[in-house]
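Notes to accompany the following structure.
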Amino acid sequence: MTIDEALRLIAGTFVLLSVLLGYFVHPGWFLFTGFVALNLMQSAFTRWCPMITILRKAGLREAR
């Protein structure tokens with residue numbers, strides 16, 4: 001698995017999990033959904049994502 005694939009998997013999992021928690025547990029979880037969205041948006045402009053830094057340190061390889 002490459003960094004790009006792992007990043008998409010993690011972001012999708014966070015969004016789905018936070019939406020489910022917001023619906024079934026407490027609406028405050030929707031704030032986490034917004035945080036994930038804001039992080040994705042800022043990474044589009046700055047070309048830096050904290051999760052990519054973590055995945056690199058974990059040893060995942062870059063996409064070719």
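In the structure tokens, chains take the letters A, B, ... in the order shown, each chain's residues start at 1, and ligands count up from 1 in the order shown.
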
Would you mind listing what lies within 12 Å of Leu31 (chain A) as a PDB file with C-alpha atoms, in the first residue's frame, with only C-alpha atoms counted and same-chain residues fewer than 5 positions away left out?
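This went into around.pdb:
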```pdb
ATOM      1  CA  PHE A  14     -12.473   9.084   9.665  1.00  0.00           C
ATOM      2  CA  VAL A  15     -15.308  10.749   7.746  1.00  0.00           C
ATOM      3  CA  SER A  18     -17.506  10.522  12.532  1.00  0.00           C
ATOM      4  CA  VAL A  19     -20.747  10.736  10.533  1.00  0.00           C
ATOM      5  CA  LEU A  21     -20.976   8.671  15.577  1.00  0.00           C
ATOM      6  CA  GLY A  22     -22.641  12.039  14.955  1.00  0.00           C
ATOM      7  CA  HIS A  26     -23.913  12.733  19.654  1.00  0.00           C
ATOM      8  CA  VAL A  36     -11.094  16.282   8.487  1.00  0.00           C
ATOM      9  CA  ALA A  37     -12.583  18.341   5.648  1.00  0.00           C
ATOM     10  CA  LEU A  38     -10.632  21.459   6.658  1.00  0.00           C
TER      11      LEU A  38
END
```

Item to check | Residues near Thr53 (chain A), cut-off 12 Å, only C-alpha atoms, skip fewer than 3 positions along chain, as a PyMOL selection string | outcome: chain A and resi 3-4+7+43+47-50+56-62

Keeping N, CA, C and O atoms for every residue in the selection just given, could you write it to a file as a PDB file, in the first residue's frame?
```pdb
ATOM      1  N   ILE A   3       1.506   5.547   0.202  1.00  0.00           N
ATOM      2  CA  ILE A   3       1.060   6.630   1.074  1.00  0.00           C
ATOM      3  C   ILE A   3      -0.267   7.209   0.585  1.00  0.00           C
ATOM      4  O   ILE A   3      -1.170   7.465   1.393  1.00  0.00           O
ATOM      5  N   ASP A   4      -0.408   7.405  -0.721  1.00  0.00           N
ATOM      6  CA  ASP A   4      -1.648   7.975  -1.258  1.00  0.00           C
ATOM      7  C   ASP A   4      -2.855   7.086  -0.966  1.00  0.00           C
ATOM      8  O   ASP A   4      -3.923   7.571  -0.580  1.00  0.00           O
ATOM      9  N   LEU A   7      -3.613   7.230   2.774  1.00  0.00           N
ATOM     10  CA  LEU A   7      -4.215   8.516   3.135  1.00  0.00           C
ATOM     11  C   LEU A   7      -5.696   8.553   2.776  1.00  0.00           C
ATOM     12  O   LEU A   7      -6.529   8.992   3.574  1.00  0.00           O
ATOM     13  N   SER A  43      -4.490  21.040   2.951  1.00  0.00           N
ATOM     14  CA  SER A  43      -3.408  20.302   2.305  1.00  0.00           C
ATOM     15  C   SER A  43      -3.414  20.519   0.791  1.00  0.00           C
ATOM     16  O   SER A  43      -2.371  20.429   0.150  1.00  0.00           O
ATOM     17  N   ARG A  47       0.086  21.925   0.228  1.00  0.00           N
ATOM     18  CA  ARG A  47       0.790  20.710  -0.200  1.00  0.00           C
ATOM     19  C   ARG A  47       1.490  20.030   0.976  1.00  0.00           C
ATOM     20  O   ARG A  47       2.517  19.379   0.833  1.00  0.00           O
ATOM     21  N   TRP A  48       0.956  20.188   2.194  1.00  0.00           N
ATOM     22  CA  TRP A  48       1.465  19.534   3.388  1.00  0.00           C
ATOM     23  C   TRP A  48       0.301  18.945   4.165  1.00  0.00           C
ATOM     24  O   TRP A  48      -0.694  19.618   4.417  1.00  0.00           O
ATOM     25  N   CYS A  49       0.433  17.688   4.534  1.00  0.00           N
ATOM     26  CA  CYS A  49      -0.597  17.001   5.302  1.00  0.00           C
ATOM     27  C   CYS A  49       0.078  16.286   6.471  1.00  0.00           C
ATOM     28  O   CYS A  49       1.030  15.518   6.257  1.00  0.00           O
ATOM     29  N   PRO A  50      -0.376  16.522   7.685  1.00  0.00           N
ATOM     30  CA  PRO A  50       0.241  15.880   8.842  1.00  0.00           C
ATOM     31  C   PRO A  50       0.209  14.349   8.755  1.00  0.00           C
ATOM     32  O   PRO A  50       1.161  13.682   9.166  1.00  0.00           O
ATOM     33  N   ARG A  56       4.882   8.457   6.323  1.00  0.00           N
ATOM     34  CA  ARG A  56       6.286   8.333   5.889  1.00  0.00           C
ATOM     35  C   ARG A  56       7.143   7.763   7.007  1.00  0.00           C
ATOM     36  O   ARG A  56       7.990   6.897   6.785  1.00  0.00           O
ATOM     37  N   LYS A  57       6.943   8.270   8.226  1.00  0.00           N
ATOM     38  CA  LYS A  57       7.719   7.776   9.373  1.00  0.00           C
ATOM     39  C   LYS A  57       7.379   6.321   9.671  1.00  0.00           C
ATOM     40  O   LYS A  57       8.195   5.595  10.224  1.00  0.00           O
ATOM     41  N   ALA A  58       6.148   5.904   9.309  1.00  0.00           N
ATOM     42  CA  ALA A  58       5.740   4.513   9.515  1.00  0.00           C
ATOM     43  C   ALA A  58       6.341   3.583   8.472  1.00  0.00           C
ATOM     44  O   ALA A  58       6.222   2.371   8.582  1.00  0.00           O
ATOM     45  N   GLY A  59       6.957   4.156   7.438  1.00  0.00           N
ATOM     46  CA  GLY A  59       7.657   3.341   6.465  1.00  0.00           C
ATOM     47  C   GLY A  59       6.889   3.033   5.199  1.00  0.00           C
ATOM     48  O   GLY A  59       7.343   2.196   4.420  1.00  0.00           O
ATOM     49  N   LEU A  60       5.762   3.682   4.979  1.00  0.00           N
ATOM     50  CA  LEU A  60       5.041   3.447   3.735  1.00  0.00           C
ATOM     51  C   LEU A  60       5.778   4.076   2.580  1.00  0.00           C
ATOM     52  O   LEU A  60       6.445   5.103   2.737  1.00  0.00           O
ATOM     53  N   ARG A  61       5.651   3.470   1.404  1.00  0.00           N
ATOM     54  CA  ARG A  61       6.395   3.959   0.250  1.00  0.00           C
ATOM     55  C   ARG A  61       5.573   4.998  -0.527  1.00  0.00           C
ATOM     56  O   ARG A  61       4.350   5.007  -0.456  1.00  0.00           O
ATOM     57  N   GLU A  62       6.270   5.830  -1.222  1.00  0.00           N
ATOM     58  CA  GLU A  62       5.644   6.862  -2.059  1.00  0.00           C
ATOM     59  C   GLU A  62       5.068   6.218  -3.318  1.00  0.00           C
ATOM     60  O   GLU A  62       5.547   5.192  -3.773  1.00  0.00           O
TER      61      GLU A  62
END
```

Checklist entry - Of the candidates A:Leu20, A:Ala6, A:Met1, A:Leu40, which one gets nearest to Ile54 (chain A) if we count only C-alpha atoms? => result A:Ala6

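Across the structure, CA of Leu16 (chain A) and CA of Phe32 (chain A) are spaced 10.6 Å apart.
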
Select from chain A everything DSSP, run on the backbone, classes as helix (DSSP H, G or I), then give the selection as a JSON list (two decimals) with C-alpha atoms, in the first residue's frame.
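Result saved to selection-v1.json:
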```
[["chain", "number", "residue", "atom", "x", "y", "z"],
["A", 3, "ILE", "CA", 1.06, 6.63, 1.07],
["A", 4, "ASP", "CA", -1.65, 7.97, -1.26],
["A", 5, "GLU", "CA", -3.77, 4.86, -0.89],
["A", 6, "ALA", "CA", -3.36, 4.82, 2.89],
["A", 7, "LEU", "CA", -4.22, 8.52, 3.13],
["A", 8, "ARG", "CA", -7.46, 8.04, 1.19],
["A", 9, "LEU", "CA", -8.35, 5.02, 3.31],
["A", 10, "ILE", "CA", -7.73, 6.86, 6.57],
["A", 11, "ALA", "CA", -9.58, 10.03, 5.52],
["A", 12, "GLY", "CA", -12.57, 8.02, 4.29],
["A", 13, "THR", "CA", -12.63, 5.96, 7.47],
["A", 14, "PHE", "CA", -12.47, 9.08, 9.66],
["A", 15, "VAL", "CA", -15.31, 10.75, 7.75],
["A", 16, "LEU", "CA", -17.55, 7.67, 7.77],
["A", 17, "LEU", "CA", -16.88, 6.94, 11.43],
["A", 18, "SER", "CA", -17.51, 10.52, 12.53],
["A", 19, "VAL", "CA", -20.75, 10.74, 10.53],
["A", 20, "LEU", "CA", -21.98, 7.50, 12.10],
["A", 21, "LEU", "CA", -20.98, 8.67, 15.58],
["A", 22, "GLY", "CA", -22.64, 12.04, 14.96],
["A", 23, "TYR", "CA", -25.86, 10.37, 13.90],
["A", 24, "PHE", "CA", -26.05, 7.59, 16.46],
["A", 27, "PRO", "CA", -24.07, 15.53, 17.07],
["A", 28, "GLY", "CA", -20.80, 16.95, 18.41],
["A", 29, "TRP", "CA", -18.98, 14.30, 16.37],
["A", 30, "PHE", "CA", -19.86, 16.23, 13.22],
["A", 31, "LEU", "CA", -17.19, 18.72, 14.28],
["A", 32, "PHE", "CA", -14.61, 16.00, 13.68],
["A", 33, "THR", "CA", -16.02, 15.53, 10.18],
["A", 34, "GLY", "CA", -15.50, 19.25, 9.62],
["A", 35, "PHE", "CA", -11.95, 19.03, 10.97],
["A", 36, "VAL", "CA", -11.09, 16.28, 8.49],
["A", 37, "ALA", "CA", -12.58, 18.34, 5.65],
["A", 38, "LEU", "CA", -10.63, 21.46, 6.66],
["A", 39, "ASN", "CA", -7.42, 19.45, 6.88],
["A", 40, "LEU", "CA", -7.98, 18.05, 3.37],
["A", 41, "MET", "CA", -8.67, 21.57, 2.05],
["A", 42, "GLN", "CA", -5.58, 23.11, 3.66],
["A", 43, "SER", "CA", -3.41, 20.30, 2.31],
["A", 44, "ALA", "CA", -4.63, 21.12, -1.20],
["A", 45, "PHE", "CA", -3.32, 24.67, -0.84],
["A", 46, "THR", "CA", -0.19, 24.11, 1.24],
["A", 50, "PRO", "CA", 0.24, 15.88, 8.84],
["A", 51, "MET", "CA", -0.96, 12.33, 8.14],
["A", 52, "ILE", "CA", 1.48, 11.97, 5.23],
["A", 53, "THR", "CA", 4.32, 12.85, 7.60],
["A", 54, "ILE", "CA", 3.12, 10.13, 9.98],
["A", 55, "LEU", "CA", 2.77, 7.58, 7.17],
["A", 56, "ARG", "CA", 6.29, 8.33, 5.89],
["A", 57, "LYS", "CA", 7.72, 7.78, 9.37]]
```
